[in-house]
Each structure stands twice: as structure tokens, then as C-alpha cells.
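Colleague: So here's final.cif (mmCIF, N, CA and C atoms; chains and numbers go by the auth columns).
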data_upload
loop_
_atom_site.group_PDB
_atom_site.id
_atom_site.type_symbol
_atom_site.label_atom_id
_atom_site.label_comp_id
_atom_site.label_asym_id
_atom_site.label_seq_id
_atom_site.Cartn_x
_atom_site.Cartn_y
_atom_site.Cartn_z
_atom_site.B_iso_or_equiv
_atom_site.auth_seq_id
_atom_site.auth_asym_id
ATOM 1 N N GLU A 1 118.830 -196.627 -16.505 0.00 1199 C
ATOM 2 C CA GLU A 1 118.970 -196.156 -17.878 0.00 1199 C
ATOM 3 C C GLU A 1 120.371 -195.598 -18.066 0.00 1199 C
ATOM 4 N N THR A 2 120.989 -195.978 -19.174 0.00 1200 C
ATOM 5 C CA THR A 2 122.380 -195.630 -19.435 0.00 1200 C
ATOM 6 C C THR A 2 122.453 -194.416 -20.350 0.00 1200 C
ATOM 7 N N THR A 3 123.298 -193.459 -19.969 0.00 1201 C
ATOM 8 C CA THR A 3 123.524 -192.244 -20.757 0.00 1201 C
ATOM 9 C C THR A 3 125.029 -192.080 -20.985 0.00 1201 C
ATOM 10 N N PRO A 4 125.430 -191.236 -21.941 0.00 1202 C
ATOM 11 C CA PRO A 4 126.857 -190.970 -22.100 0.00 1202 C
ATOM 12 C C PRO A 4 127.495 -190.463 -20.796 0.00 1202 C
ATOM 13 N N PHE A 5 126.753 -189.663 -20.043 0.00 1203 C
ATOM 14 C CA PHE A 5 127.276 -189.139 -18.779 0.00 1203 C
ATOM 15 C C PHE A 5 127.468 -190.251 -17.754 0.00 1203 C
ATOM 16 N N SER A 6 126.491 -191.143 -17.628 0.00 1204 C
ATOM 17 C CA SER A 6 126.620 -192.219 -16.640 0.00 1204 C
ATOM 18 C C SER A 6 127.766 -193.157 -16.997 0.00 1204 C
ATOM 19 N N LEU A 7 127.952 -193.435 -18.291 0.00 1205 C
ATOM 20 C CA LEU A 7 129.080 -194.269 -18.710 0.00 1205 C
ATOM 21 C C LEU A 7 130.415 -193.585 -18.423 0.00 1205 C
ATOM 22 N N LEU A 8 130.507 -192.298 -18.756 0.00 1206 C
ATOM 23 C CA LEU A 8 131.743 -191.548 -18.523 0.00 1206 C
ATOM 24 C C LEU A 8 132.101 -191.544 -17.043 0.00 1206 C
ATOM 25 N N THR A 9 131.150 -191.208 -16.197 0.00 1207 C
ATOM 26 C CA THR A 9 131.460 -191.117 -14.770 0.00 1207 C
ATOM 27 C C THR A 9 131.784 -192.489 -14.178 0.00 1207 C
ATOM 28 N N LYS A 10 131.133 -193.536 -14.647 0.00 1208 C
ATOM 29 C CA LYS A 10 131.423 -194.888 -14.161 0.00 1208 C
ATOM 30 C C LYS A 10 132.849 -195.296 -14.524 0.00 1208 C
ATOM 31 N N ILE A 11 133.216 -195.136 -15.788 0.00 1209 C
ATOM 32 C CA ILE A 11 134.550 -195.540 -16.248 0.00 1209 C
ATOM 33 C C ILE A 11 135.628 -194.680 -15.594 0.00 1209 C
ATOM 34 N N CYS A 12 135.385 -193.382 -15.505 0.00 1210 C
ATOM 35 C CA CYS A 12 136.382 -192.505 -14.898 0.00 1210 C
ATOM 36 C C CYS A 12 136.559 -192.802 -13.412 0.00 1210 C
ATOM 37 N N LYS A 13 135.494 -193.172 -12.733 0.00 1211 C
ATOM 38 C CA LYS A 13 135.614 -193.548 -11.326 0.00 1211 C
ATOM 39 C C LYS A 13 136.465 -194.813 -11.193 0.00 1211 C
ATOM 40 N N GLU A 14 136.196 -195.793 -12.052 0.00 1212 C
ATOM 41 C CA GLU A 14 136.967 -197.042 -12.035 0.00 1212 C
ATOM 42 C C GLU A 14 138.445 -196.790 -12.317 0.00 1212 C
ATOM 43 N N GLU A 15 138.731 -195.865 -13.229 0.00 1213 C
ATOM 44 C CA GLU A 15 140.106 -195.582 -13.644 0.00 1213 C
ATOM 45 C C GLU A 15 140.752 -194.451 -12.839 0.00 1213 C
ATOM 46 N N LYS A 16 140.004 -193.930 -11.872 0.00 1214 C
ATOM 47 C CA LYS A 16 140.472 -192.827 -11.017 0.00 1214 C
ATOM 48 C C LYS A 16 140.856 -191.581 -11.835 0.00 1214 C
ATOM 49 N N ILE A 17 139.985 -191.247 -12.790 0.00 1215 C
ATOM 50 C CA ILE A 17 140.139 -190.049 -13.627 0.00 1215 C
ATOM 51 C C ILE A 17 139.114 -189.029 -13.157 0.00 1215 C
ATOM 52 N N LYS A 18 139.565 -187.818 -12.937 0.00 1216 C
ATOM 53 C CA LYS A 18 138.688 -186.768 -12.433 0.00 1216 C
ATOM 54 C C LYS A 18 137.774 -186.239 -13.548 0.00 1216 C
ATOM 55 N N VAL A 19 136.487 -186.128 -13.233 0.00 1217 C
ATOM 56 C CA VAL A 19 135.501 -185.541 -14.142 0.00 1217 C
ATOM 57 C C VAL A 19 134.809 -184.403 -13.411 0.00 1217 C
ATOM 58 N N GLU A 20 134.684 -183.264 -14.093 0.00 1218 C
ATOM 59 C CA GLU A 20 133.949 -182.134 -13.531 0.00 1218 C
ATOM 60 C C GLU A 20 132.806 -181.796 -14.474 0.00 1218 C
ATOM 61 N N PHE A 21 131.712 -181.301 -13.899 0.00 1219 C
ATOM 62 C CA PHE A 21 130.551 -180.963 -14.727 0.00 1219 C
ATOM 63 C C PHE A 21 129.765 -179.846 -14.066 0.00 1219 C
ATOM 64 N N SER A 22 128.970 -179.193 -14.886 0.00 1220 C
ATOM 65 C CA SER A 22 128.024 -178.218 -14.364 0.00 1220 C
ATOM 66 C C SER A 22 126.633 -178.784 -14.598 0.00 1220 C
ATOM 67 N N GLU A 23 125.674 -178.236 -13.868 0.00 1221 C
ATOM 68 C CA GLU A 23 124.328 -178.781 -13.930 0.00 1221 C
ATOM 69 C C GLU A 23 123.313 -177.651 -13.966 0.00 1221 C
ATOM 70 N N ASN A 24 122.326 -177.794 -14.841 0.00 1222 C
ATOM 71 C CA ASN A 24 121.187 -176.895 -14.853 0.00 1222 C
ATOM 72 C C ASN A 24 120.051 -177.667 -14.206 0.00 1222 C
ATOM 73 N N VAL A 25 119.830 -177.423 -12.919 0.00 1223 C
ATOM 74 C CA VAL A 25 118.859 -178.202 -12.149 0.00 1223 C
ATOM 75 C C VAL A 25 117.457 -178.056 -12.721 0.00 1223 C
ATOM 76 N N GLY A 26 117.081 -176.854 -13.121 0.00 1224 C
ATOM 77 C CA GLY A 26 115.740 -176.623 -13.643 0.00 1224 C
ATOM 78 C C GLY A 26 115.442 -177.412 -14.905 0.00 1224 C
ATOM 79 N N MET A 27 116.448 -177.591 -15.734 0.00 1225 C
ATOM 80 C CA MET A 27 116.267 -178.340 -16.984 0.00 1225 C
ATOM 81 C C MET A 27 116.738 -179.792 -16.857 0.00 1225 C
ATOM 82 N N ASN A 28 117.299 -180.136 -15.693 0.00 1226 C
ATOM 83 C CA ASN A 28 117.836 -181.475 -15.448 0.00 1226 C
ATOM 84 C C ASN A 28 118.862 -181.870 -16.506 0.00 1226 C
ATOM 85 N N THR A 29 119.785 -180.960 -16.799 0.00 1227 C
ATOM 86 C CA THR A 29 120.832 -181.251 -17.764 0.00 1227 C
ATOM 87 C C THR A 29 122.204 -181.072 -17.132 0.00 1227 C
ATOM 88 N N LYS A 30 123.164 -181.852 -17.628 0.00 1228 C
ATOM 89 C CA LYS A 30 124.546 -181.766 -17.164 0.00 1228 C
ATOM 90 C C LYS A 30 125.449 -181.502 -18.343 0.00 1228 C
ATOM 91 N N PHE A 31 126.551 -180.795 -18.077 0.00 1229 C
ATOM 92 C CA PHE A 31 127.524 -180.429 -19.096 0.00 1229 C
ATOM 93 C C PHE A 31 128.908 -180.732 -18.540 0.00 1229 C
ATOM 94 N N VAL A 32 129.656 -181.588 -19.222 0.00 1230 C
ATOM 95 C CA VAL A 32 130.999 -181.947 -18.765 0.00 1230 C
ATOM 96 C C VAL A 32 131.927 -180.766 -19.013 0.00 1230 C
ATOM 97 N N THR A 33 132.559 -180.291 -17.953 0.00 1231 C
ATOM 98 C CA THR A 33 133.450 -179.133 -18.051 0.00 1231 C
ATOM 99 C C THR A 33 134.925 -179.516 -18.029 0.00 1231 C
ATOM 100 N N ALA A 34 135.260 -180.714 -17.518 0.00 1232 C
ATOM 101 C CA ALA A 34 136.662 -181.139 -17.497 0.00 1232 C
ATOM 102 C C ALA A 34 136.748 -182.657 -17.346 0.00 1232 C
ATOM 103 N N ILE A 35 137.715 -183.228 -18.053 0.00 1233 C
ATOM 104 C CA ILE A 35 138.065 -184.632 -17.909 0.00 1233 C
ATOM 105 C C ILE A 35 139.572 -184.683 -17.745 0.00 1233 C
ATOM 106 N N ASN A 36 140.023 -185.331 -16.658 0.00 1234 C
ATOM 107 C CA ASN A 36 141.452 -185.478 -16.400 0.00 1234 C
ATOM 108 C C ASN A 36 142.176 -184.129 -16.404 0.00 1234 C
ATOM 109 N N ASN A 37 141.520 -183.129 -15.826 0.00 1235 C
ATOM 110 C CA ASN A 37 142.069 -181.770 -15.692 0.00 1235 C
ATOM 111 C C ASN A 37 142.245 -181.034 -17.018 0.00 1235 C
ATOM 112 N N ILE A 38 141.596 -181.503 -18.076 0.00 1236 C
ATOM 113 C CA ILE A 38 141.550 -180.774 -19.343 0.00 1236 C
ATOM 114 C C ILE A 38 140.162 -180.144 -19.396 0.00 1236 C
ATOM 115 N N SER A 39 140.145 -178.818 -19.338 0.00 1237 C
ATOM 116 C CA SER A 39 138.884 -178.107 -19.107 0.00 1237 C
ATOM 117 C C SER A 39 138.389 -177.345 -20.320 0.00 1237 C
ATOM 118 N N SER A 40 137.071 -177.152 -20.334 0.00 1238 C
ATOM 119 C CA SER A 40 136.471 -176.260 -21.328 0.00 1238 C
ATOM 120 C C SER A 40 137.122 -174.901 -21.195 0.00 1238 C
ATOM 121 N N GLY A 41 137.448 -174.307 -22.316 0.00 1239 C
ATOM 122 C CA GLY A 41 138.047 -172.981 -22.308 0.00 1239 C
ATOM 123 C C GLY A 41 139.561 -172.974 -22.212 0.00 1239 C
ATOM 124 N N ASP A 42 140.189 -174.127 -22.038 0.00 1240 C
ATOM 125 C CA ASP A 42 141.651 -174.168 -21.903 0.00 1240 C
ATOM 126 C C ASP A 42 142.372 -173.633 -23.135 0.00 1240 C
ATOM 127 N N VAL A 43 141.811 -173.818 -24.300 0.00 1241 C
ATOM 128 C CA VAL A 43 142.465 -173.349 -25.530 0.00 1241 C
ATOM 129 C C VAL A 43 141.561 -172.394 -26.313 0.00 1241 C
ATOM 130 N N GLY A 44 140.787 -171.619 -25.600 0.00 1242 C
ATOM 131 C CA GLY A 44 139.921 -170.635 -26.233 0.00 1242 C
ATOM 132 C C GLY A 44 138.474 -170.819 -25.826 0.00 1242 C
ATOM 133 N N GLU A 45 137.690 -169.803 -26.065 0.00 1243 C
ATOM 134 C CA GLU A 45 136.308 -169.818 -25.584 0.00 1243 C
ATOM 135 C C GLU A 45 135.426 -170.837 -26.289 0.00 1243 C
ATOM 136 N N LEU A 46 135.842 -171.359 -27.432 0.00 1244 C
ATOM 137 C CA LEU A 46 135.050 -172.355 -28.151 0.00 1244 C
ATOM 138 C C LEU A 46 135.516 -173.786 -27.882 0.00 1244 C
ATOM 139 N N SER A 47 136.434 -173.956 -26.933 0.00 1245 C
ATOM 140 C CA SER A 47 136.960 -175.289 -26.643 0.00 1245 C
ATOM 141 C C SER A 47 136.175 -175.956 -25.524 0.00 1245 C
ATOM 142 N N GLY A 48 136.139 -177.289 -25.583 0.00 1246 C
ATOM 143 C CA GLY A 48 135.454 -178.041 -24.545 0.00 1246 C
ATOM 144 C C GLY A 48 135.175 -179.466 -24.973 0.00 1246 C
ATOM 145 N N TRP A 49 134.504 -180.182 -24.111 0.00 1247 C
ATOM 146 C CA TRP A 49 134.207 -181.597 -24.321 0.00 1247 C
ATOM 147 C C TRP A 49 132.856 -181.787 -25.007 0.00 1247 C
ATOM 148 N N LEU A 50 132.847 -182.621 -26.042 0.00 1248 C
ATOM 149 C CA LEU A 50 131.621 -183.007 -26.742 0.00 1248 C
ATOM 150 C C LEU A 50 131.552 -184.522 -26.779 0.00 1248 C
ATOM 151 N N TYR A 51 130.346 -185.053 -26.813 0.00 1249 C
ATOM 152 C CA TYR A 51 130.225 -186.499 -26.982 0.00 1249 C
ATOM 153 C C TYR A 51 129.558 -186.795 -28.320 0.00 1249 C
ATOM 154 N N TYR A 52 129.925 -187.944 -28.869 0.00 1250 C
ATOM 155 C CA TYR A 52 129.383 -188.395 -30.141 0.00 1250 C
ATOM 156 C C TYR A 52 128.876 -189.819 -29.976 0.00 1250 C
ATOM 157 N N VAL A 53 127.792 -190.125 -30.666 0.00 1251 C
ATOM 158 C CA VAL A 53 127.215 -191.465 -30.655 0.00 1251 C
ATOM 159 C C VAL A 53 127.318 -192.015 -32.070 0.00 1251 C
ATOM 160 N N ASN A 54 128.067 -193.092 -32.212 0.00 1252 C
ATOM 161 C CA ASN A 54 128.260 -193.711 -33.532 0.00 1252 C
ATOM 162 C C ASN A 54 128.750 -192.692 -34.560 0.00 1252 C
ATOM 163 N N GLY A 55 129.642 -191.799 -34.119 0.00 1253 C
ATOM 164 C CA GLY A 55 130.235 -190.816 -35.022 0.00 1253 C
ATOM 165 C C GLY A 55 129.369 -189.610 -35.318 0.00 1253 C
ATOM 166 N N GLU A 56 128.254 -189.481 -34.637 0.00 1254 C
ATOM 167 C CA GLU A 56 127.337 -188.367 -34.878 0.00 1254 C
ATOM 168 C C GLU A 56 127.112 -187.576 -33.590 0.00 1254 C
ATOM 169 N N SER A 57 126.978 -186.254 -33.728 0.00 1255 C
ATOM 170 C CA SER A 57 126.642 -185.443 -32.565 0.00 1255 C
ATOM 171 C C SER A 57 125.129 -185.495 -32.344 0.00 1255 C
ATOM 172 N N THR A 58 124.716 -185.168 -31.136 0.00 1256 C
ATOM 173 C CA THR A 58 123.287 -185.112 -30.836 0.00 1256 C
ATOM 174 C C THR A 58 122.985 -183.749 -30.227 0.00 1256 C
ATOM 175 N N ASN A 59 121.729 -183.430 -30.149 0.00 1257 C
ATOM 176 C CA ASN A 59 121.324 -182.186 -29.494 0.00 1257 C
ATOM 177 C C ASN A 59 120.932 -182.414 -28.038 0.00 1257 C
ATOM 178 N N ASP A 60 121.010 -183.662 -27.584 0.00 1258 C
ATOM 179 C CA ASP A 60 120.607 -183.995 -26.223 0.00 1258 C
ATOM 180 C C ASP A 60 121.756 -183.800 -25.246 0.00 1258 C
ATOM 181 N N ALA A 61 121.424 -183.358 -24.045 0.00 1259 C
ATOM 182 C CA ALA A 61 122.419 -183.266 -22.981 0.00 1259 C
ATOM 183 C C ALA A 61 122.970 -184.659 -22.700 0.00 1259 C
ATOM 184 N N CYS A 62 124.207 -184.712 -22.229 0.00 1260 C
ATOM 185 C CA CYS A 62 124.872 -186.007 -22.035 0.00 1260 C
ATOM 186 C C CYS A 62 124.202 -186.877 -20.986 0.00 1260 C
ATOM 187 N N ASN A 63 123.416 -186.299 -20.108 0.00 1261 C
ATOM 188 C CA ASN A 63 122.709 -187.096 -19.102 0.00 1261 C
ATOM 189 C C ASN A 63 121.260 -187.390 -19.517 0.00 1261 C
ATOM 190 N N VAL A 64 120.892 -187.000 -20.731 0.00 1262 C
ATOM 191 C CA VAL A 64 119.526 -187.212 -21.225 0.00 1262 C
ATOM 192 C C VAL A 64 119.490 -188.269 -22.330 0.00 1262 C
ATOM 193 N N TYR A 65 120.489 -188.259 -23.215 0.00 1263 C
ATOM 194 C CA TYR A 65 120.521 -189.213 -24.329 0.00 1263 C
ATOM 195 C C TYR A 65 120.549 -190.642 -23.789 0.00 1263 C
ATOM 196 N N LYS A 66 119.679 -191.490 -24.298 0.00 1264 C
ATOM 197 C CA LYS A 66 119.615 -192.881 -23.851 0.00 1264 C
ATOM 198 C C LYS A 66 120.448 -193.762 -24.789 0.00 1264 C
ATOM 199 N N VAL A 67 121.489 -194.358 -24.237 0.00 1265 C
ATOM 200 C CA VAL A 67 122.378 -195.226 -25.001 0.00 1265 C
ATOM 201 C C VAL A 67 121.678 -196.548 -25.294 0.00 1265 C
ATOM 202 N N GLN A 68 121.807 -196.996 -26.545 0.00 1266 C
ATOM 203 C CA GLN A 68 121.244 -198.276 -26.970 0.00 1266 C
ATOM 204 C C GLN A 68 122.367 -199.311 -27.056 0.00 1266 C
ATOM 205 N N ASP A 69 122.015 -200.578 -26.946 0.00 1267 C
ATOM 206 C CA ASP A 69 123.004 -201.642 -27.120 0.00 1267 C
ATOM 207 C C ASP A 69 123.709 -201.468 -28.459 0.00 1267 C
ATOM 208 N N GLY A 70 125.034 -201.550 -28.451 0.00 1268 C
ATOM 209 C CA GLY A 70 125.816 -201.437 -29.673 0.00 1268 C
ATOM 210 C C GLY A 70 126.276 -200.027 -29.989 0.00 1268 C
ATOM 211 N N ASP A 71 125.741 -199.019 -29.305 0.00 1269 C
ATOM 212 C CA ASP A 71 126.190 -197.646 -29.537 0.00 1269 C
ATOM 213 C C ASP A 71 127.656 -197.491 -29.144 0.00 1269 C
ATOM 214 N N VAL A 72 128.386 -196.708 -29.929 0.00 1270 C
ATOM 215 C CA VAL A 72 129.772 -196.351 -29.604 0.00 1270 C
ATOM 216 C C VAL A 72 129.752 -194.893 -29.168 0.00 1270 C
ATOM 217 N N ILE A 73 130.151 -194.653 -27.913 0.00 1271 C
ATOM 218 C CA ILE A 73 130.168 -193.302 -27.354 0.00 1271 C
ATOM 219 C C ILE A 73 131.606 -192.814 -27.317 0.00 1271 C
ATOM 220 N N GLU A 74 131.845 -191.621 -27.851 0.00 1272 C
ATOM 221 C CA GLU A 74 133.178 -191.021 -27.831 0.00 1272 C
ATOM 222 C C GLU A 74 133.086 -189.623 -27.237 0.00 1272 C
ATOM 223 N N TRP A 75 133.984 -189.333 -26.303 0.00 1273 C
ATOM 224 C CA TRP A 75 134.138 -187.990 -25.750 0.00 1273 C
ATOM 225 C C TRP A 75 135.368 -187.387 -26.413 0.00 1273 C
ATOM 226 N N ILE A 76 135.182 -186.262 -27.084 0.00 1274 C
ATOM 227 C CA ILE A 76 136.263 -185.637 -27.851 0.00 1274 C
ATOM 228 C C ILE A 76 136.398 -184.183 -27.426 0.00 1274 C
ATOM 229 N N TYR A 77 137.642 -183.756 -27.262 0.00 1275 C
ATOM 230 C CA TYR A 77 137.898 -182.362 -26.908 0.00 1275 C
ATOM 231 C C TYR A 77 137.989 -181.546 -28.189 0.00 1275 C
ATOM 232 N N THR A 78 137.181 -180.517 -28.286 0.00 1276 C
ATOM 233 C CA THR A 78 137.175 -179.648 -29.458 0.00 1276 C
ATOM 234 C C THR A 78 137.838 -178.307 -29.110 0.00 1276 C
ATOM 235 N N CYS A 79 138.519 -177.756 -30.083 0.00 1277 C
ATOM 236 C CA CYS A 79 139.103 -176.417 -29.923 0.00 1277 C
ATOM 237 C C CYS A 79 138.235 -175.360 -30.589 0.00 1277 C
ATOM 238 N N ASP A 80 137.234 -175.810 -31.398 0.00 1278 C
ATOM 239 C CA ASP A 80 136.421 -174.877 -32.191 0.00 1278 C
ATOM 240 C C ASP A 80 134.964 -175.330 -32.244 0.00 1278 C
ATOM 241 N N MET A 81 134.359 -175.551 -31.078 0.00 1279 C
ATOM 242 C CA MET A 81 132.946 -175.899 -30.956 0.00 1279 C
ATOM 243 C C MET A 81 132.519 -177.036 -31.895 0.00 1279 C
ATOM 244 N N GLY A 82 133.431 -177.995 -32.112 0.00 1280 C
ATOM 245 C CA GLY A 82 133.130 -179.159 -32.927 0.00 1280 C
ATOM 246 C C GLY A 82 133.481 -179.024 -34.400 0.00 1280 C
ATOM 247 N N ASN A 83 133.763 -177.808 -34.852 0.00 1281 C
ATOM 248 C CA ASN A 83 134.086 -177.607 -36.265 0.00 1281 C
ATOM 249 C C ASN A 83 135.418 -178.254 -36.663 0.00 1281 C
ATOM 250 N N ASP A 84 136.252 -178.563 -35.677 0.00 1282 C
ATOM 251 C CA ASP A 84 137.555 -179.169 -35.953 0.00 1282 C
ATOM 252 C C ASP A 84 137.532 -180.698 -35.839 0.00 1282 C
ATOM 253 N N ILE A 85 136.363 -181.285 -35.683 0.00 1283 C
ATOM 254 C CA ILE A 85 136.237 -182.733 -35.504 0.00 1283 C
ATOM 255 C C ILE A 85 135.663 -183.349 -36.771 0.00 1283 C
ATOM 256 N N THR A 86 136.362 -184.368 -37.272 0.00 1284 C
ATOM 257 C CA THR A 86 135.865 -185.093 -38.445 0.00 1284 C
ATOM 258 C C THR A 86 135.970 -186.583 -38.161 0.00 1284 C
ATOM 259 N N PHE A 87 135.090 -187.342 -38.781 0.00 1285 C
ATOM 260 C CA PHE A 87 135.104 -188.797 -38.639 0.00 1285 C
ATOM 261 C C PHE A 87 135.353 -189.420 -39.978 0.00 1285 C
#
If you took the structure in this file and wrote it as C-alpha cells, what would it be?
Modeller:
Amino acid sequence: ETTPFSLLTKICKEEKIKVEFSENVGMNTKFVTAINNISSGDVGELSGWLYYVNGESTNDACNVYKVQDGDVIEWIYTCDMGNDITF
């Protein structure tokens, strides 16, 4: 089963881009904390990595959302918990 997290880690491994994440084992969720050494919190406490599916945010953890054929997944760095992102 394909998730935004599995796609990100696969592509980054192929391209030799470092990905860091934290994990809540009890809830089986993962949270991307850094891509290519750009980390959550680098530009303030509300900054970090978010993923979008077809231009929309989801409430699912990146390792839980099931990607469908044709979905466009985007990882975007936010400086203001997503309030600074527009499509």
C-alpha cells in the first residue's frame, strides 16, 4: 500500500536526499521532521513539512493516507502551520 511517506522515502533514497522523521509507535503514525536538512522549527515554532494531496491537506498521518492512482502528492515547507500556503 502506497502512502505519501512511502513515496517520499523511496524517491529520496533514489536521489540520495536525507529524510528524518519521528514516530508515535502506539498510534502507528510518522511525522516528517526534515527533508534535505531543512527541519521543522528552522524558521519558527510553526514551521515544518506538510503534505498535500491534489492541492488539499488531509488530517491523516503521512504513513496512513492511502494514495490512489492519479493523486498528486506535494511536500511543502510551511513557516506558519500551513497558513502561508495557497494553491
Colleague: Looking at only C-alpha atoms, which of C:Leu1248, C:Ile1233, C:Ile1283, C:Val1270 is the one that sits closest to Lys1211 (chain C)?
Modeller: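 Of C:Leu1248, C:Ile1233, C:Ile1283, C:Val1270, the one nearest Lys1211 (chain C), counting only C-alpha atoms, is C:Ile1233.
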Colleague: Report as a list in words the residues that result from applying the PyMOL selection byres (((chain C and resi 1232 and name CA) around 12) and name CA) to the structure here.
Modeller: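 What the PyMOL selection byres (((chain C and resi 1232 and name CA) around 12) and name CA) grabs from the file is Leu1206, Thr1207, Cys1210, Ile1215, Lys1216, Val1217, Glu1218, Phe1219, Ser1220, Phe1229, Val1230, Thr1231, Ile1233, Asn1234, Asn1235, Ile1236, Ser1237, Ser1238, Gly1239, Asp1240, Ser1245, Gly1246, Trp1247, Leu1248, Trp1273, Ile1274 and Tyr1275 of chain C.
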Colleague: Do a neighbour search on Val1262 (chain C) at 6 Å with only N, CA and C atoms, toss out local chain neighbours closer than 3 positions, and write the hits as a list in words.
Modeller: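 Surrounding residues, per the criterion: Thr1201, Asp1258 and Ala1259 of chain C.
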Colleague: From the DSSP assignment of the backbone, select every residue of chain C that is strand (DSSP E or B), and format the answer as a compact mmCIF listing (two decimals) with N, CA and C atoms, in the frame of the given file.
Modeller:
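Everything below was put into result12.txt:
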# COMPACT_ATOMS: atom_id res chain seq x y z
N VAL C 1217 136.49 -186.13 -13.23
CA VAL C 1217 135.50 -185.54 -14.14
C VAL C 1217 134.81 -184.40 -13.41
N GLU C 1218 134.68 -183.26 -14.09
CA GLU C 1218 133.95 -182.13 -13.53
C GLU C 1218 132.81 -181.80 -14.47
N PHE C 1219 131.71 -181.30 -13.90
CA PHE C 1219 130.55 -180.96 -14.73
C PHE C 1219 129.76 -179.85 -14.07
N SER C 1220 128.97 -179.19 -14.89
CA SER C 1220 128.02 -178.22 -14.36
C SER C 1220 126.63 -178.78 -14.60
N GLU C 1221 125.67 -178.24 -13.87
CA GLU C 1221 124.33 -178.78 -13.93
C GLU C 1221 123.31 -177.65 -13.97
N ASN C 1222 122.33 -177.79 -14.84
CA ASN C 1222 121.19 -176.90 -14.85
C ASN C 1222 120.05 -177.67 -14.21
N THR C 1227 119.78 -180.96 -16.80
CA THR C 1227 120.83 -181.25 -17.76
C THR C 1227 122.20 -181.07 -17.13
N LYS C 1228 123.16 -181.85 -17.63
CA LYS C 1228 124.55 -181.77 -17.16
C LYS C 1228 125.45 -181.50 -18.34
N PHE C 1229 126.55 -180.80 -18.08
CA PHE C 1229 127.52 -180.43 -19.10
C PHE C 1229 128.91 -180.73 -18.54
N VAL C 1230 129.66 -181.59 -19.22
CA VAL C 1230 131.00 -181.95 -18.76
C VAL C 1230 131.93 -180.77 -19.01
N THR C 1231 132.56 -180.29 -17.95
CA THR C 1231 133.45 -179.13 -18.05
C THR C 1231 134.93 -179.52 -18.03
N ALA C 1232 135.26 -180.71 -17.52
CA ALA C 1232 136.66 -181.14 -17.50
C ALA C 1232 136.75 -182.66 -17.35
N ILE C 1233 137.72 -183.23 -18.05
CA ILE C 1233 138.06 -184.63 -17.91
C ILE C 1233 139.57 -184.68 -17.74
N ILE C 1236 141.60 -181.50 -18.08
CA ILE C 1236 141.55 -180.77 -19.34
C ILE C 1236 140.16 -180.14 -19.40
N SER C 1237 140.15 -178.82 -19.34
CA SER C 1237 138.88 -178.11 -19.11
C SER C 1237 138.39 -177.34 -20.32
N GLY C 1246 136.14 -177.29 -25.58
CA GLY C 1246 135.45 -178.04 -24.54
C GLY C 1246 135.18 -179.47 -24.97
N TRP C 1247 134.50 -180.18 -24.11
CA TRP C 1247 134.21 -181.60 -24.32
C TRP C 1247 132.86 -181.79 -25.01
N LEU C 1248 132.85 -182.62 -26.04
CA LEU C 1248 131.62 -183.01 -26.74
C LEU C 1248 131.55 -184.52 -26.78
N TYR C 1249 130.35 -185.05 -26.81
CA TYR C 1249 130.22 -186.50 -26.98
C TYR C 1249 129.56 -186.80 -28.32
N TYR C 1250 129.93 -187.94 -28.87
CA TYR C 1250 129.38 -188.40 -30.14
C TYR C 1250 128.88 -189.82 -29.98
N VAL C 1251 127.79 -190.12 -30.67
CA VAL C 1251 127.22 -191.46 -30.66
C VAL C 1251 127.32 -192.02 -32.07
N GLU C 1254 128.25 -189.48 -34.64
CA GLU C 1254 127.34 -188.37 -34.88
C GLU C 1254 127.11 -187.58 -33.59
N ILE C 1271 130.15 -194.65 -27.91
CA ILE C 1271 130.17 -193.30 -27.35
C ILE C 1271 131.61 -192.81 -27.32
N GLU C 1272 131.84 -191.62 -27.85
CA GLU C 1272 133.18 -191.02 -27.83
C GLU C 1272 133.09 -189.62 -27.24
N TRP C 1273 133.98 -189.33 -26.30
CA TRP C 1273 134.14 -187.99 -25.75
C TRP C 1273 135.37 -187.39 -26.41
N ILE C 1274 135.18 -186.26 -27.08
CA ILE C 1274 136.26 -185.64 -27.85
C ILE C 1274 136.40 -184.18 -27.43
N TYR C 1275 137.64 -183.76 -27.26
CA TYR C 1275 137.90 -182.36 -26.91
C TYR C 1275 137.99 -181.55 -28.19
N THR C 1276 137.18 -180.52 -28.29
CA THR C 1276 137.18 -179.65 -29.46
C THR C 1276 137.84 -178.31 -29.11
Colleague: Please report the interatomic distance between atom N of Asp1282 (chain C) and atom C of Gln1266 (chain C) in Å with one decimal.
Modeller: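 Computing it gives 26.4 Å between the two atoms.
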Colleague: Between CA of Glu1212 (chain C) and CA of Glu1272 (chain C), what is the distance, to one decimal in Å?
Modeller: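 Straight-line distance from CA of Glu1212 (chain C) to CA of Glu1272 (chain C) works out to 17.3 Å.
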Colleague: As an exercise, work out the distance from CA of Lys1264 (chain C) to CA of Asn1281 (chain C) in Å and give it to one decimal place.
Modeller: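 These atoms are spaced 24.4 Å apart.
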Colleague: Compare C:Val1241, C:Cys1277, C:Lys1214, C:Phe1285 by their minimum atom-to-atom distance to Glu1254 (chain C), counting only C-alpha atoms, and give me the closest one.
Modeller: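 Nearest candidate to Glu1254 (chain C) out of C:Val1241, C:Cys1277, C:Lys1214, C:Phe1285: C:Phe1285.
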Colleague: Each side padded by 5 Å, which centre and which edge lengths in Å (one decimal) define the axis-aligned box around the listed atoms of region 1266-1281 of chain C? Give them as JSON.
Modeller:
{"center_x": 130.2, "center_y": -188.3, "center_z": -31.2, "size_x": 27.9, "size_y": 36.8, "size_z": 20.9}
